[in-house]
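Novice: Input structure: structure_32.tsv, which contains TSV, C-alpha atoms.
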```tsv
chain	number	residue	atom	x	y	z
A	1	MET	CA	50.03	-67.90	165.68
A	2	GLY	CA	52.91	-66.39	163.72
A	3	ALA	CA	52.14	-62.96	162.27
A	4	GLU	CA	52.60	-62.74	158.52
A	5	ILE	CA	52.19	-58.96	158.55
A	6	GLU	CA	54.53	-57.14	160.89
A	7	LEU	CA	54.59	-53.64	162.25
A	8	ASP	CA	57.49	-51.79	160.68
A	9	PHE	CA	58.15	-48.60	162.60
A	10	SER	CA	60.36	-47.31	159.79
A	11	LEU	CA	57.11	-46.91	157.85
A	12	LYS	CA	55.56	-44.80	160.60
A	13	ASN	CA	56.34	-41.13	160.72
A	14	SER	CA	57.93	-39.35	163.64
A	15	MET	CA	54.53	-38.47	165.11
A	16	PHE	CA	54.04	-41.94	166.59
A	17	ASN	CA	55.74	-41.18	169.91
A	18	GLU	CA	53.87	-37.91	170.32
A	19	ILE	CA	50.49	-39.48	169.53
A	20	ASN	CA	51.30	-42.34	171.88
A	21	ASN	CA	52.25	-39.89	174.65
A	22	GLN	CA	48.96	-38.04	174.25
A	23	CYS	CA	47.06	-41.31	174.38
A	24	GLN	CA	48.82	-42.24	177.63
A	25	ARG	CA	47.95	-38.83	179.12
A	26	LEU	CA	44.27	-39.68	178.60
A	27	ASP	CA	44.39	-42.85	180.68
A	28	TYR	CA	42.66	-40.99	183.54
A	29	PHE	CA	39.67	-40.27	181.25
A	30	VAL	CA	39.29	-43.92	180.25
A	31	LYS	CA	39.39	-45.11	183.84
A	32	SER	CA	36.95	-42.43	185.03
A	33	THR	CA	34.53	-43.34	182.24
A	34	PHE	CA	34.48	-46.97	183.35
A	35	GLU	CA	34.71	-46.71	187.12
A	36	ASP	CA	35.77	-49.81	189.04
A	37	LYS	CA	36.79	-51.52	185.80
A	38	ASP	CA	40.28	-52.66	184.82
A	39	VAL	CA	40.44	-50.89	181.45
A	40	GLU	CA	42.85	-48.97	179.26
A	41	ILE	CA	43.19	-47.63	175.72
A	42	ARG	CA	46.59	-47.81	174.08
A	43	LEU	CA	48.22	-47.75	170.68
A	44	LEU	CA	49.30	-51.09	169.28
A	45	LYS	CA	53.05	-51.27	169.03
A	46	ASN	CA	54.26	-54.82	168.45
A	47	ASN	CA	53.43	-58.01	166.57
A	48	LEU	CA	51.81	-59.70	169.55
A	49	ASP	CA	49.35	-56.79	169.59
A	50	LEU	CA	48.67	-57.41	165.89
A	51	GLU	CA	47.96	-61.07	166.50
A	52	GLU	CA	45.46	-60.18	169.23
A	53	LEU	CA	43.87	-57.63	166.90
A	54	SER	CA	43.54	-60.31	164.22
A	55	ASP	CA	41.80	-62.64	166.68
A	56	LEU	CA	39.43	-59.87	167.78
A	57	ARG	CA	38.47	-58.99	164.21
A	58	LYS	CA	37.92	-62.61	163.30
A	59	LYS	CA	35.56	-63.09	166.25
A	60	VAL	CA	33.58	-59.86	165.79
A	61	TYR	CA	33.34	-60.00	162.00
A	62	SER	CA	32.25	-63.64	162.03
A	63	GLU	CA	29.44	-62.74	164.45
A	64	LYS	CA	28.40	-59.29	163.23
A	65	ASN	CA	29.74	-58.45	159.78
A	66	GLU	CA	29.85	-61.40	157.44
A	67	SER	CA	30.62	-59.30	154.35
A	68	VAL	CA	33.84	-57.98	155.89
A	69	PHE	CA	34.66	-61.42	157.32
A	70	HIS	CA	34.73	-62.98	153.85
A	71	GLY	CA	36.91	-60.13	152.57
A	72	TYR	CA	39.89	-61.56	154.43
A	73	LYS	CA	41.47	-64.29	152.34
A	74	GLU	CA	44.03	-65.43	154.90
A	75	LYS	CA	43.76	-66.81	158.41
A	76	LEU	CA	45.32	-63.59	159.68
A	77	PHE	CA	42.71	-60.80	159.81
A	78	LEU	CA	45.16	-58.03	158.97
A	79	ASP	CA	45.82	-56.05	155.81
A	80	GLU	CA	48.53	-53.86	154.34
A	81	TYR	CA	46.97	-50.73	155.85
A	82	ASP	CA	47.51	-51.97	159.40
A	83	ILE	CA	51.29	-51.82	159.07
A	84	ASP	CA	51.65	-48.03	159.11
A	85	SER	CA	48.38	-47.05	160.79
A	86	TYR	CA	47.76	-45.88	164.34
A	87	ILE	CA	45.55	-48.50	165.95
A	88	PHE	CA	43.86	-47.48	169.20
A	89	SER	CA	42.62	-50.49	171.15
A	90	PHE	CA	40.48	-50.89	174.25
A	91	PHE	CA	41.54	-53.48	176.81
A	92	SER	CA	39.38	-54.91	179.60
A	93	GLU	CA	41.22	-56.93	182.26
A	94	GLY	CA	44.20	-57.12	179.93
A	95	LYS	CA	42.21	-58.49	176.97
A	96	MET	CA	41.65	-56.51	173.77
A	97	THR	CA	37.90	-56.07	173.28
A	98	ALA	CA	37.70	-53.18	170.80
A	99	SER	CA	39.82	-51.39	168.24
A	100	GLN	CA	39.75	-48.34	165.98
A	101	ARG	CA	42.21	-47.70	163.16
A	102	VAL	CA	43.47	-44.21	162.33
A	103	ARG	CA	45.37	-43.54	159.12
A	104	PHE	CA	47.11	-40.58	157.65
A	105	TYR	CA	47.18	-40.22	153.86
A	106	PRO	CA	47.09	-42.41	151.72
A	107	PHE	CA	43.69	-43.58	152.90
A	108	GLU	CA	42.17	-47.05	152.72
A	109	VAL	CA	39.11	-45.65	150.95
A	110	GLY	CA	41.41	-44.79	148.04
A	111	HIS	CA	41.41	-48.52	147.27
A	112	TYR	CA	37.69	-48.23	146.42
A	113	VAL	CA	37.27	-44.62	145.22
A	114	ASN	CA	39.43	-42.93	142.59
A	115	ASN	CA	41.63	-40.06	143.70
A	116	ASN	CA	39.84	-37.43	141.58
A	117	ASP	CA	36.52	-38.17	143.31
A	118	ILE	CA	38.13	-38.08	146.76
A	119	THR	CA	39.83	-34.74	145.98
A	120	ALA	CA	36.57	-33.29	144.67
A	121	PHE	CA	34.87	-34.38	147.90
A	122	LEU	CA	37.54	-33.25	150.38
A	123	GLY	CA	39.33	-30.49	148.48
A	124	GLU	CA	42.95	-29.80	147.65
A	125	GLY	CA	45.42	-30.35	150.48
A	126	LEU	CA	43.50	-33.34	151.82
A	127	GLU	CA	46.81	-35.14	152.40
A	128	ASN	CA	47.62	-32.81	155.30
A	129	ASP	CA	44.13	-31.86	156.45
A	130	TYR	CA	42.48	-35.21	157.15
A	131	ILE	CA	42.88	-38.50	158.96
A	132	GLU	CA	40.82	-41.60	158.19
A	133	TYR	CA	38.90	-43.69	160.70
A	134	SER	CA	38.25	-47.31	159.74
A	135	ARG	CA	37.93	-50.88	160.99
A	136	LEU	CA	36.05	-50.17	164.22
A	137	VAL	CA	35.39	-53.44	166.01
A	138	VAL	CA	33.76	-53.78	169.44
A	139	ASP	CA	33.22	-57.12	171.14
A	140	ASN	CA	30.55	-57.65	173.78
A	141	THR	CA	32.01	-57.36	177.27
A	142	PRO	CA	29.89	-58.16	180.37
A	143	GLY	CA	29.22	-55.06	182.43
A	144	ILE	CA	30.54	-52.64	179.80
A	145	ARG	CA	28.33	-50.94	177.21
A	146	SER	CA	29.68	-51.35	173.69
A	147	ARG	CA	28.47	-47.91	172.65
A	148	MET	CA	30.42	-46.31	175.49
A	149	VAL	CA	33.55	-48.20	174.43
A	150	ALA	CA	33.21	-46.92	170.86
A	151	HIS	CA	32.55	-43.38	172.15
A	152	CYS	CA	35.60	-43.52	174.42
A	153	LEU	CA	37.81	-44.77	171.57
A	154	ALA	CA	36.60	-41.90	169.39
A	155	LEU	CA	37.30	-39.25	172.03
A	156	VAL	CA	40.72	-40.58	173.02
A	157	SER	CA	41.89	-41.01	169.42
A	158	SER	CA	40.57	-37.64	168.20
A	159	THR	CA	41.98	-35.79	171.23
A	160	SER	CA	45.35	-37.49	170.79
A	161	ILE	CA	45.44	-36.51	167.11
A	162	ILE	CA	44.36	-32.89	167.69
A	163	LEU	CA	46.89	-32.30	170.47
A	164	SER	CA	49.80	-33.98	168.70
A	165	THR	CA	49.28	-32.92	165.07
A	166	GLY	CA	46.72	-30.10	164.96
A	167	ILE	CA	44.75	-31.98	162.30
A	168	ARG	CA	41.08	-31.21	162.81
A	169	ASN	CA	39.27	-33.18	160.12
A	170	ALA	CA	38.54	-36.86	159.62
A	171	ILE	CA	36.78	-39.11	157.16
A	172	THR	CA	35.09	-42.42	157.75
A	173	TYR	CA	32.77	-44.69	155.81
A	174	THR	CA	29.87	-46.85	156.83
A	175	LYS	CA	26.83	-48.59	155.40
A	176	PRO	CA	23.98	-46.13	154.71
A	177	ARG	CA	21.66	-47.85	157.20
A	178	MET	CA	24.07	-47.55	160.12
A	179	SER	CA	23.10	-44.98	162.76
A	180	ARG	CA	25.63	-42.26	163.52
A	181	LYS	CA	25.89	-41.09	167.11
A	182	ASN	CA	28.34	-39.29	169.41
A	183	ILE	CA	30.29	-37.63	166.56
A	184	SER	CA	29.04	-34.81	164.31
A	185	PHE	CA	29.06	-35.89	160.69
A	186	SER	CA	28.69	-33.43	157.85
A	187	ASN	CA	25.69	-33.62	155.57
A	188	ASP	CA	28.00	-34.13	152.58
A	189	THR	CA	28.51	-37.74	151.60
A	190	LEU	CA	30.15	-39.69	148.82
A	191	GLU	CA	28.55	-43.00	147.94
A	192	PHE	CA	30.64	-45.86	146.59
A	193	TYR	CA	30.51	-49.62	146.15
A	194	ILE	CA	32.86	-52.27	147.55
A	195	LYS	CA	32.75	-55.25	145.23
A	196	GLU	CA	34.39	-57.67	147.67
A	197	ARG	CA	31.61	-57.04	150.20
A	198	ASP	CA	28.76	-56.51	147.71
A	199	HIS	CA	27.61	-53.40	149.59
A	200	ASN	CA	27.21	-49.67	149.02
A	201	TYR	CA	28.90	-47.36	151.52
A	202	LEU	CA	28.82	-43.65	152.36
A	203	LEU	CA	31.98	-41.65	152.98
A	204	PHE	CA	31.51	-38.93	155.61
A	205	LYS	CA	33.51	-35.90	156.69
A	206	VAL	CA	33.92	-35.15	160.40
A	207	ASP	CA	35.14	-31.87	161.89
A	208	MET	CA	36.77	-33.24	165.05
A	209	PHE	CA	37.70	-29.73	166.16
A	210	GLN	CA	34.19	-28.28	166.03
A	211	ASP	CA	32.88	-31.44	167.65
A	212	MET	CA	35.28	-30.86	170.54
A	213	ILE	CA	34.31	-27.19	170.87
A	214	LYS	CA	30.60	-28.04	170.98
A	215	ARG	CA	31.14	-30.93	173.38
A	216	LEU	CA	33.06	-28.77	175.86
A	217	ASN	CA	30.89	-25.69	175.21
A	218	LEU	CA	33.95	-23.54	174.59
A	219	ASP	CA	33.72	-19.83	173.78
A	220	VAL	CA	37.00	-19.17	172.01
A	221	ASP	CA	38.37	-16.71	169.46
A	222	SER	CA	40.95	-18.96	167.80
A	223	GLU	CA	41.94	-22.56	167.22
A	224	GLU	CA	45.13	-21.98	169.22
A	225	GLU	CA	43.08	-20.92	172.25
A	226	ALA	CA	40.84	-24.00	171.94
A	227	ILE	CA	43.84	-26.35	171.74
A	228	TYR	CA	45.42	-24.63	174.75
A	229	ILE	CA	42.21	-25.10	176.76
A	230	LEU	CA	41.97	-28.75	175.69
A	231	ASP	CA	45.58	-29.37	176.68
A	232	GLU	CA	45.00	-27.72	180.08
A	233	ARG	CA	41.92	-29.88	180.67
A	234	VAL	CA	43.96	-32.98	179.98
A	235	LYS	CA	46.79	-31.72	182.21
A	236	ASN	CA	44.29	-31.17	185.04
A	237	LYS	CA	42.55	-34.50	184.35
A	238	GLN	CA	39.21	-32.96	183.49
A	239	SER	CA	36.56	-34.29	181.13
A	240	ILE	CA	37.19	-34.08	177.40
```
Mind turning this structure into structure tokens?

Specialist:
Amino acid sequence: MGAEIELDFSLKNSMFNEINNQCQRLDYFVKSTFEDKDVEIRLLKNNLDLEELSDLRKKVYSEKNESVFHGYKEKLFLDEYDIDSYIFSFFSEGKMTASQRVRFYPFEVGHYVNNNDITAFLGEGLENDYIEYSRLVVDNTPGIRSRMVAHCLALVSSTSIILSTGIRNAITYTKPRMSRKNISFSNDTLEFYIKERDHNYLLFKVDMFQDMIKRLNLDVDSEEEAIYILDERVKNKQSI
């Protein structure tokens, strides 16, 4: 399959290498989470990766999310936001079985919600204070719990972002009926409608930093101290 949308690293900012390095540092955590399994999480970095991502989305969306499936007009299940996003993917025995997209501003949700409403919801300076999570897909893999895969993707991606950029906040959107576990969502939401999918969605805010502090039960006086402790835990291959 020839990719019609290609990764263009000139569109990515200089943080790619640093985020990728942090992701690679966390390989120990992925392998310890799934003992005796041949697994890894890595950032997509070439067009062959994009083709495999397209195949994964097509399979999962056709089975689990018909409204999103019909939103793709082409045979290739990629969009313009994939080109300059950071796409963390989970591989089992060399095969991509899950993926989570991380974007810096401008966000995908801006395609559905006007900028004034987003600014009112997130506040001024959102361009530098938030990342956006979207397009989580998890395929069923024998012997591996899908919820644990999603949880591991969330921890590896958020830890990589915090350590490499210092950004502590994220946004994500989901259908109102979807349960939210493993990550602490704020009570504030912004409801909007996606015409192409004929569904209402809720936009959530996530404080990745406070989630990390609670998860590790840290007693710290500053953000700098918390980041230092997190970095030391990764250096010593401890839980995150």

Novice: Could you pull the residues within 10 Å of Phe121 (chain A), counting only C-alpha atoms, minus those fewer than 2 positions along the same chain, as a list of chain:residue names?

Specialist: A:Asn115, A:Asn116, A:Asp117, A:Ile118, A:Thr119, A:Gly123, A:Glu124, A:Leu126, A:Asp188, A:Thr189, A:Leu190, A:Leu203, A:Phe204, A:Lys205

Novice: Counting all atoms listed in the file, find residues at most 8 Å from (27.7, -49.9, 153.6) (file frame) and give them as a PyMOL selection string.

Specialist: chain A and resi 173-178+193+199-202

Novice: State, in Å with one decimal place, the distance from CA of Asn128 (chain A) to CA of Met15 (chain A).

Specialist: 13.3 Å

Novice: Between A:Asp231, A:Arg168, A:Arg135, A:His111, which has the minimum distance to Leu26 (chain A) (counting all atoms listed in the file)?

Specialist: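 Between A:Asp231, A:Arg168, A:Arg135, A:His111, the residue approaching Leu26 (chain A) most closely is A:Asp231.
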
Novice: Need to verify the contact set: Phe209 (chain A), 8 Å, all atoms listed in the file, exclusion of same-chain residues closer than 3 positions in sequence. Can you return it as a PDB file with C-alpha atoms, in the frame of the given file?

Specialist:
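This went into selection13.pdb:
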```pdb
ATOM      1  CA  ILE A 162      44.360 -32.890 167.690  1.00  0.00           C
ATOM      2  CA  ARG A 168      41.080 -31.210 162.810  1.00  0.00           C
ATOM      3  CA  ASN A 169      39.270 -33.180 160.120  1.00  0.00           C
ATOM      4  CA  MET A 212      35.280 -30.860 170.540  1.00  0.00           C
ATOM      5  CA  ILE A 213      34.310 -27.190 170.870  1.00  0.00           C
TER       6      ILE A 213
END
```

Novice: What's around region 88-101 of chain A at 7 Å? Count all atoms listed in the file, leave out sequence neighbours fewer than 5 positions away in its own chain, and write the answer as a list in words.

Specialist: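 What passes the distance filter is Asp38, Val39, Glu40, Ile41, Arg42, Leu43, Leu44, Glu52, Leu56, Tyr133, Ser134, Arg135, Leu136, Val137, Val138, Asp139, Leu153 and Ser157 of chain A.
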
Novice: Could you turn the residues from that selection into a file that holds C-alpha atoms, as a PDB file, in the coordinates of the input?

Specialist:
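Wrote part16.pdb, looks like this:
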```
ATOM      1  CA  ASP A  38      40.280 -52.660 184.820  1.00  0.00           C
ATOM      2  CA  VAL A  39      40.440 -50.890 181.450  1.00  0.00           C
ATOM      3  CA  GLU A  40      42.850 -48.970 179.260  1.00  0.00           C
ATOM      4  CA  ILE A  41      43.190 -47.630 175.720  1.00  0.00           C
ATOM      5  CA  ARG A  42      46.590 -47.810 174.080  1.00  0.00           C
ATOM      6  CA  LEU A  43      48.220 -47.750 170.680  1.00  0.00           C
ATOM      7  CA  LEU A  44      49.300 -51.090 169.280  1.00  0.00           C
ATOM      8  CA  GLU A  52      45.460 -60.180 169.230  1.00  0.00           C
ATOM      9  CA  LEU A  56      39.430 -59.870 167.780  1.00  0.00           C
ATOM     10  CA  TYR A 133      38.900 -43.690 160.700  1.00  0.00           C
ATOM     11  CA  SER A 134      38.250 -47.310 159.740  1.00  0.00           C
ATOM     12  CA  ARG A 135      37.930 -50.880 160.990  1.00  0.00           C
ATOM     13  CA  LEU A 136      36.050 -50.170 164.220  1.00  0.00           C
ATOM     14  CA  VAL A 137      35.390 -53.440 166.010  1.00  0.00           C
ATOM     15  CA  VAL A 138      33.760 -53.780 169.440  1.00  0.00           C
ATOM     16  CA  ASP A 139      33.220 -57.120 171.140  1.00  0.00           C
ATOM     17  CA  LEU A 153      37.810 -44.770 171.570  1.00  0.00           C
ATOM     18  CA  SER A 157      41.890 -41.010 169.420  1.00  0.00           C
TER      19      SER A 157
END
```

Novice: Got a sec: who's within 7 Å of region 18-21 of chain A, counting only C-alpha atoms, leaving out chain neighbours fewer than 2 positions off, as a ChimeraX atom specification?

Specialist: /A:15-16,23-25,43,160-161,164

Novice: Suppose you want the space between CA of Asp198 (chain A) and CA of Val109 (chain A); what is it in Å?

Specialist: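 Computing it gives 15.3 Å between the two atoms.
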
Novice: Measure the distance from CA of Ile171 (chain A) to CA of Glu132 (chain A) in Å and round it to one decimal.

Specialist: 4.9 Å

Novice: Have a look at A:Phe77, A:Thr33, A:Lys64, A:Ala120 and name the one nearest to Leu50 (chain A); count only C-alpha atoms.

Specialist: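 Closest candidate: A:Phe77.
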
Novice: So, counting only C-alpha atoms, which residue among A:Ala170, A:Leu48, A:Leu163, A:Leu218 is closest to Lys235 (chain A)?

Specialist: A:Leu163

Novice: Taking into account all atoms listed in the file, which residue in the set A:Lys195, A:Lys45, A:Lys59, A:Ala226 is nearest to Lys214 (chain A)?

Specialist: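 Smallest separation from Lys214 (chain A) among the options: A:Ala226.
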
Novice: At most 7 Å from (50.0, -45.8, 164.6), file frame, only C-alpha atoms: which residues, as a list of chain:residue names?

Specialist: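 Within the cut-off we find A:Lys12, A:Phe16, A:Leu43, A:Asp84, A:Ser85, A:Tyr86, A:Ile87.
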
Novice: Quick one: 5 Å padding each side, axis-aligned, all listed atoms of region 222-240 of chain A - centre and edge lengths in Å to one decimal, as lines of an AutoDock Vina configuration file?

Specialist:
```
center_x = 41.7
center_y = -26.7
center_z = 176.1
size_x = 20.2
size_y = 25.5
size_z = 27.8
```
